[in-house]
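The structure appears below as structure tokens.
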Amino acid sequence: MRIGELAARTGVSVRLLRYYEEQGLLESHRPEGGHRRYGEGAPAVVRNIRALLGAGLSTGAIRDVLPCVEGDGTVAPCMLEVLEQRLDLLDQQLLTLGASRAALAGIVAGARRETEAVDPKVPAPV
């Protein structure tokens, strides 16, 4: 199928499909006419790329994981360790963000108290 048809079937722009190809995520071939042609499995590959991007993986990580992804999106056990490491990293980032948020909330609360002490007519934000 041509790139326009793949874009229509997947809802992904032609520009993004070309980017996926540049990143080594999507394969095409060029017959004598020179136009990109994609195999019948390309829509499933694009859906899998989108799902992995949605899960927070970089295109580099997706390039490594994609060979172990089945057509239905199931990831074979060969990449389980890589995905578990990514999940652990996300968990660590969530903890760090939670701590940062708590610290910032304390600073904001202190600033509000200070503002109210200086000018009690200033309403506290809702």
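Order determines the names: the first chain of the structure tokens is A, the second B, and so forth; residues in each chain are numbered 1 upward, and ligands are numbered 1 upward as they are shown.
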Quick one: everything within 8 Å of region 72-80 of chain A, counting only C-alpha atoms, minus sequence neighbours fewer than 3 positions away in the same chain. Send it as a PyMOL selection string.
chain A and resi 44+47-48+65+68-69+83-84
Write out, as a CSV table (one decimal), in the first residue's frame, the residues just selected, with N, CA and C atoms.
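Ended up saving to part.csv:
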chain,number,residue,atom,x,y,z
A,44,ALA,N,-0.7,-2.6,11.5
A,44,ALA,CA,-0.4,-3.2,12.8
A,44,ALA,C,0.9,-2.7,13.4
A,47,ARG,N,0.2,0.8,14.6
A,47,ARG,CA,-0.5,0.8,15.9
A,47,ARG,C,0.4,0.4,17.0
A,48,ASN,N,1.2,-0.5,16.8
A,48,ASN,CA,2.2,-0.9,17.9
A,48,ASN,C,3.1,0.2,18.3
A,65,VAL,N,12.5,-2.9,20.9
A,65,VAL,CA,11.4,-3.7,21.4
A,65,VAL,C,10.5,-4.2,20.2
A,68,CYS,N,10.1,-7.8,18.9
A,68,CYS,CA,9.5,-8.8,19.8
A,68,CYS,C,8.0,-8.5,20.1
A,69,VAL,N,7.4,-7.6,19.3
A,69,VAL,CA,6.0,-7.3,19.4
A,69,VAL,C,5.2,-8.1,18.4
A,83,LEU,N,11.3,-3.8,29.4
A,83,LEU,CA,10.1,-3.1,29.8
A,83,LEU,C,10.0,-2.9,31.3
A,84,GLU,N,10.4,-3.9,32.0
A,84,GLU,CA,10.3,-3.8,33.5
A,84,GLU,C,11.3,-2.7,34.0
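Taking CA of Gly39 (chain A) as the reference point, CA of Leu6 (chain A) is found at 9.6 Å.
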Helix (DSSP H, G or I) residues, from DSSP on the backbone, in region 37-76 of chain A, as a list of chain:residue names:
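Here is the list: A:Ala42, A:Pro43, A:Ala44, A:Val45, A:Val46, A:Arg47, A:Asn48, A:Ile49, A:Arg50, A:Ala51, A:Leu52, A:Leu53, A:Gly54, A:Thr59, A:Gly60, A:Ala61, A:Ile62, A:Arg63, A:Asp64, A:Val65, A:Leu66, A:Pro67, A:Cys68.
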Could you write out the selected residues, including N, CA, C and O atoms, as a short mmCIF file (atom, residue, chain, number, x, y, z; two decimals), in the first residue's frame?
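Contents of the output file selection-v2.cif:
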data_model
loop_
_atom_site.label_atom_id
_atom_site.label_comp_id
_atom_site.auth_asym_id
_atom_site.auth_seq_id
_atom_site.Cartn_x
_atom_site.Cartn_y
_atom_site.Cartn_z
N ALA A 42 1.77 -3.38 7.79
CA ALA A 42 2.20 -2.05 8.22
C ALA A 42 1.21 -1.36 9.16
O ALA A 42 1.64 -0.73 10.14
N PRO A 43 -0.11 -1.46 8.94
CA PRO A 43 -1.01 -0.81 9.89
C PRO A 43 -0.86 -1.34 11.32
O PRO A 43 -0.89 -0.57 12.28
N ALA A 44 -0.65 -2.63 11.47
CA ALA A 44 -0.45 -3.20 12.80
C ALA A 44 0.86 -2.69 13.41
O ALA A 44 0.91 -2.38 14.60
N VAL A 45 1.89 -2.57 12.59
CA VAL A 45 3.17 -2.05 13.08
C VAL A 45 3.00 -0.62 13.56
O VAL A 45 3.47 -0.24 14.64
N VAL A 46 2.28 0.19 12.80
CA VAL A 46 2.05 1.59 13.18
C VAL A 46 1.25 1.65 14.48
O VAL A 46 1.57 2.44 15.38
N ARG A 47 0.23 0.82 14.62
CA ARG A 47 -0.54 0.79 15.87
C ARG A 47 0.35 0.41 17.05
O ARG A 47 0.25 1.00 18.13
N ASN A 48 1.24 -0.54 16.84
CA ASN A 48 2.15 -0.95 17.90
C ASN A 48 3.13 0.17 18.26
O ASN A 48 3.41 0.41 19.44
N ILE A 49 3.62 0.87 17.26
CA ILE A 49 4.51 2.02 17.50
C ILE A 49 3.78 3.06 18.34
O ILE A 49 4.30 3.56 19.33
N ARG A 50 2.55 3.37 17.96
CA ARG A 50 1.76 4.37 18.69
C ARG A 50 1.51 3.94 20.13
O ARG A 50 1.58 4.74 21.05
N ALA A 51 1.23 2.66 20.33
CA ALA A 51 0.98 2.15 21.69
C ALA A 51 2.25 2.25 22.54
O ALA A 51 2.19 2.66 23.71
N LEU A 52 3.39 1.92 21.96
CA LEU A 52 4.65 1.99 22.70
C LEU A 52 5.05 3.43 22.99
O LEU A 52 5.55 3.73 24.07
N LEU A 53 4.80 4.32 22.04
CA LEU A 53 5.04 5.74 22.30
C LEU A 53 4.13 6.23 23.42
O LEU A 53 4.55 6.97 24.31
N GLY A 54 2.88 5.79 23.40
CA GLY A 54 1.93 6.16 24.44
C GLY A 54 2.32 5.64 25.80
O GLY A 54 1.94 6.21 26.83
N THR A 59 11.76 6.44 20.68
CA THR A 59 11.84 5.73 19.41
C THR A 59 13.02 4.76 19.41
O THR A 59 12.95 3.69 18.81
N GLY A 60 14.10 5.11 20.12
CA GLY A 60 15.23 4.20 20.22
C GLY A 60 14.87 2.92 20.95
O GLY A 60 15.24 1.83 20.53
N ALA A 61 14.13 3.06 22.04
CA ALA A 61 13.69 1.88 22.79
C ALA A 61 12.70 1.07 21.96
O ALA A 61 12.74 -0.16 21.95
N ILE A 62 11.83 1.76 21.25
CA ILE A 62 10.85 1.07 20.40
C ILE A 62 11.55 0.27 19.32
O ILE A 62 11.16 -0.85 19.01
N ARG A 63 12.61 0.82 18.75
CA ARG A 63 13.38 0.11 17.72
C ARG A 63 13.89 -1.22 18.27
O ARG A 63 13.91 -2.23 17.59
N ASP A 64 14.28 -1.23 19.55
CA ASP A 64 14.76 -2.46 20.18
C ASP A 64 13.63 -3.42 20.50
O ASP A 64 13.77 -4.63 20.38
N VAL A 65 12.49 -2.89 20.94
CA VAL A 65 11.37 -3.70 21.40
C VAL A 65 10.53 -4.23 20.24
O VAL A 65 10.03 -5.35 20.28
N LEU A 66 10.38 -3.45 19.20
CA LEU A 66 9.45 -3.75 18.11
C LEU A 66 9.61 -5.15 17.50
O LEU A 66 8.60 -5.80 17.21
N PRO A 67 10.82 -5.66 17.33
CA PRO A 67 10.93 -7.02 16.78
C PRO A 67 10.28 -8.09 17.66
O PRO A 67 9.97 -9.18 17.18
N CYS A 68 10.07 -7.80 18.92
CA CYS A 68 9.46 -8.76 19.84
C CYS A 68 7.98 -8.49 20.07
O CYS A 68 7.37 -9.07 20.97
#
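The environment of region 35-38 of chain A within 9 Å, counting only C-alpha atoms and disregarding residues fewer than 5 places along the same chain, consists of Met1, Arg2, Ile3, Leu6, Leu26, Glu27, Ser28, His29, Arg30 and Pro43 of chain A.
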Residues just named, written with C-alpha atoms as a short mmCIF file (atom, residue, chain, number, x, y, z; two decimals), in the first residue's frame:
data_model
loop_
_atom_site.label_atom_id
_atom_site.label_comp_id
_atom_site.auth_asym_id
_atom_site.auth_seq_id
_atom_site.Cartn_x
_atom_site.Cartn_y
_atom_site.Cartn_z
CA MET A 1 0.00 0.00 0.00
CA ARG A 2 1.11 3.55 -0.60
CA ILE A 3 1.91 5.99 2.18
CA LEU A 6 -1.38 3.78 5.28
CA LEU A 26 8.72 1.10 9.83
CA GLU A 27 9.91 -0.53 6.63
CA SER A 28 8.94 0.26 3.08
CA HIS A 29 10.20 -0.73 -0.30
CA ARG A 30 10.37 1.32 -3.46
CA PRO A 43 -1.01 -0.81 9.89
#
Could you tell me how far CA of Leu25 (chain A) sits from CA of Glu5 (chain A), in Å to one decimal place?
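CA of Glu5 (chain A) sits 18.0 Å away from CA of Leu25 (chain A).
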What does the distance between CA of Val12 (chain A) and CA of Arg86 (chain A) come to in Å, to one decimal place?
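Answer for the CA of Val12 (chain A) to CA of Arg86 (chain A) separation: 25.4 Å.
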